[in-house]
Each structure stands twice: as structure tokens, then as C-alpha cells.
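For reference, the structure is listed below as C-alpha cells.
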Amino acid sequence: MRKLEIDGIRVIVFDDTKSMIAEAVSYLYDVLRTDPESVIGLATGDTFIPFYSMIAETFRKARVSFKDVTTFNLDEYVGLPEDSPHSYHTYMEQNLFSKVDINRKNAHLPDGSAPDPEEAASEYEKLIREAGGIDLQFLGLGRNGHIGFNEPGTSFDSLTHVTELSEGTVLANAHLFGSPEDVPHRAITMGIRTILDARRVVLLAFGENKSVAIRDTFTRGITESVPASSLKLHRRATFLLDSAAAKFIT
Ligand code: GLP
């Protein structure tokens, strides 16, 4: 394991993915032990499959409960019904909510099937504020450096909003849908400002296909063309990486 500090971000590089995931899970458990009523920001994608399965296996033994926790997911596709097999609602239900003792009424995702998605996005932002803000926000990383569904060019002042997915993101997610034509082209996502307002942020990235996004995050300054570089403006951001994702970091 290597511990570094780059541009104010704590970076921990692990030799294997399992110990990286275990570290992320331990952060969550520590927060839940300190405050069982914490507000947690959750992420989806392939990166978080091993994370949620480790939680499902270990949370009882670890003596933590989700009973009083509030969660807010980062994003959801626009136009998919909640019960679509491809929605993030379904992903969260299958990978986490059905496996732990969470109270469903405290588990929030943006309403991608709302008749007015813009209004649903503002409502979501309001709900986060009313919950007192996010204590610990987990993030994955897009191959183009996106966080949530904030694609390159998104303003660092953005709040939860409706966004257009880039061609690359549609292609990267096509394997989950069968074909690129079936991937929705819009999503509701927490904005960069929403993410930066979380009291603590932990980004996870493993595998070589994230190495360029990690390199760009640390070599291109603080720029809206690399959304993850906004995290340098955060006072408590940690990146957990495996050695493949960190291969350009010296
Ligand atoms: C997706 C999600 C992001 C996720 C990222 C990486 O499009 N909207 O929240 O962090 O892209 O996904 P994966 O973990 O599958 O590589």
C-alpha cells in the first residue's frame, strides 16, 4: 500500500482490489458507529458491486446498522421506470437495500421517471439540504473523468440537475443494456457543487481503464474539462485506487 498526498487529495494505492474495497467499507462502518443517523451519499456502477457485496457479507458481524441511516444516490437515468432492470433504483435494491436493515423511506434516489425531471432534480437537492447535507459521499469515476453523471464541461457550481450523457459514457454503459441504442441519453445527477458540499468524499477507481482519468485528474490542474479535478477544492477528499488505475501516478 502506498499513501500519497497530491494537490490536497489523500491518495491510497492498493496492490489488490479486495483490500481497497475493505478500506472503503471500513470508512463507512466507522462513520455509522460514530453516528448511526449519518447521511451517506452512494454511487453505482461496476466499481460498487464488490463494495456492496462486502457490506452485505459483513455488516452484522461488524455490528453496524443501517436502520437510522439516510442515503442519497448520486444519479439516475431519465425515462426509465423505477422497476426497470437497468435503473439505479433496481441496482441499489438488488445490491444493497435488500441485503441490509435500511429503512426504505430514508433511501433516496433521483426520480428519473418524474414527468418534470428538472423539477425532480431541484426537489432532490432540497431534500439533501433538509437532511442536513451529506456526511460521507462515495464516488466512482467515469473514463472521461466524470463524477456522478457530471460530464466534462459541467460547472463546478452545478447543483442537482438534468444532464445529457456523452457518447463515451453511453458506450461505456451499453454492456448493461445490451446495445448503445437502449441506453438513456439523459440523467438526473447531483451537481459538482452538491458533491463538494459533502463533508467528506471518497472516490474509488480500479482497473487500467480508469488510469487515464486518474492521470488527467492530477496533471491537468483544476479544470471543468476533468470533473474529478474539482475534488482538489475539497478539504477532505480521499482517492482509493488499485495499482492498475494508479499506473501513471509516480
Ligand atoms: C457511471 C455512473 C457513475 C459511475 C461511473 C463509473 O456512468 N453514473 O456514477 O461512478 O460511471 O462506472 P463504473 O464503476 O461502472 O466504471
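We label chains A, B, ... in the order they appear in the C-alpha cells, count residues from 1 in each chain, and number ligands from 1 in the order shown.
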
Item to complete: Can you tell me which residues come within 10 Å of ligand 1 when counting only C-alpha atoms and all ligand atoms, ideally as a ChimeraX atom specification?
Response: /A:42-49,73-77,88,138-151,165-166,168-173,175-176,187-190,203-207,209-210

Give me every strand (DSSP E) residue in stretch 41-241 of chain A, going by DSSP on the backbone, as a PDB file with C-alpha atoms, in the first residue's frame.
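Writing done, so here's selection-v1.pdb:
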```pdb
ATOM      1  CA  GLY A  41     -24.030   9.555  -0.454  1.00  0.00           C
ATOM      2  CA  LEU A  42     -23.996   6.379  -2.542  1.00  0.00           C
ATOM      3  CA  THR A  70     -30.288   8.273   5.398  1.00  0.00           C
ATOM      4  CA  THR A  71     -28.850   7.705   1.926  1.00  0.00           C
ATOM      5  CA  PHE A  72     -28.806   9.749  -1.259  1.00  0.00           C
ATOM      6  CA  ASN A  73     -27.656   8.204  -4.513  1.00  0.00           C
ATOM      7  CA  ASP A  75     -27.703   9.807 -10.046  1.00  0.00           C
ATOM      8  CA  GLU A  76     -30.446   8.064 -12.024  1.00  0.00           C
ATOM      9  CA  TYR A  77     -31.289   7.751 -15.714  1.00  0.00           C
ATOM     10  CA  ALA A 107     -33.073   5.683   0.996  1.00  0.00           C
ATOM     11  CA  HIS A 108     -33.273   8.271  -1.784  1.00  0.00           C
ATOM     12  CA  LEU A 136     -19.750  10.873   3.612  1.00  0.00           C
ATOM     13  CA  GLN A 137     -20.075  10.764  -0.180  1.00  0.00           C
ATOM     14  CA  PHE A 138     -18.810   7.789  -2.182  1.00  0.00           C
ATOM     15  CA  LEU A 139     -17.900   8.338  -5.831  1.00  0.00           C
ATOM     16  CA  HIS A 161     -29.665  18.847 -12.465  1.00  0.00           C
ATOM     17  CA  VAL A 162     -30.669  17.073 -15.646  1.00  0.00           C
ATOM     18  CA  THR A 163     -27.677  16.245 -17.805  1.00  0.00           C
ATOM     19  CA  GLU A 164     -27.001  14.922 -21.291  1.00  0.00           C
ATOM     20  CA  ARG A 186     -30.234  11.876 -20.066  1.00  0.00           C
ATOM     21  CA  ALA A 187     -29.855  11.521 -16.330  1.00  0.00           C
ATOM     22  CA  ILE A 188     -30.511  13.411 -13.121  1.00  0.00           C
ATOM     23  CA  THR A 189     -27.264  13.838 -11.228  1.00  0.00           C
ATOM     24  CA  VAL A 201     -15.660  12.488  -0.167  1.00  0.00           C
ATOM     25  CA  VAL A 202     -14.184   9.086  -1.038  1.00  0.00           C
ATOM     26  CA  LEU A 203     -13.586   8.181  -4.689  1.00  0.00           C
ATOM     27  CA  LEU A 204     -12.941   4.584  -5.735  1.00  0.00           C
ATOM     28  CA  ALA A 205     -11.328   3.542  -9.007  1.00  0.00           C
ATOM     29  CA  ALA A 237     -11.185  14.081  -0.298  1.00  0.00           C
ATOM     30  CA  THR A 238      -9.625  10.609  -0.469  1.00  0.00           C
ATOM     31  CA  PHE A 239      -8.974   8.512  -3.581  1.00  0.00           C
ATOM     32  CA  LEU A 240      -8.746   4.748  -3.117  1.00  0.00           C
ATOM     33  CA  LEU A 241      -7.062   3.208  -6.151  1.00  0.00           C
TER      34      LEU A 241
END
```

Nearest to A:Val11, chosen from A:Thr217, A:Thr58, A:Ser179, A:Ser225, with only C-alpha atoms counted in the distances: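 Closest to A:Val11 of all the choices is A:Thr217.
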
Who sits within 10 Å of A:Leu32, only C-alpha atoms, same chain under 4 positions skipped, as number ranges by chain = A: 26-28, 36-40, 63-66, 68-69

What residues in stretch 40-241 of chain A get the DSSP label helix (DSSP H, G or I)? Please answer as an MDAnalysis selection string.
chainID A and resid 48:58 88:97 104:106 117:130 167:177 180:182 192:196 208:219 227:233

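Considering only C-alpha atoms, the residue among A:Ala213, A:Ala56, A:Leu233, A:Ala244 positioned nearest to A:Ile102 is A:Ala56.
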
Exercise. In Å, how far is it from atom CA of A:Arg129 to atom CA of A:Arg200?
Worked result: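 Going from atom CA of A:Arg129 over to atom CA of A:Arg200, I get 15.4 Å.
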
Quick one: residues within 12 Å of A:Ser243, only C-alpha atoms, excluding same-chain residues fewer than 4 positions away - as a list of chain:residue names?
A:Met1, A:Arg2, A:Lys3, A:Val11, A:Ile12, A:Val13, A:Phe14, A:Asp15, A:Asp16, A:Thr17, A:Ser19, A:Met20, A:Ala205, A:Phe206, A:Gly207, A:Glu208, A:Asn209, A:Lys210, A:Ser211, A:Ile214, A:Lys247, A:Phe248, A:Ile249, A:Thr250
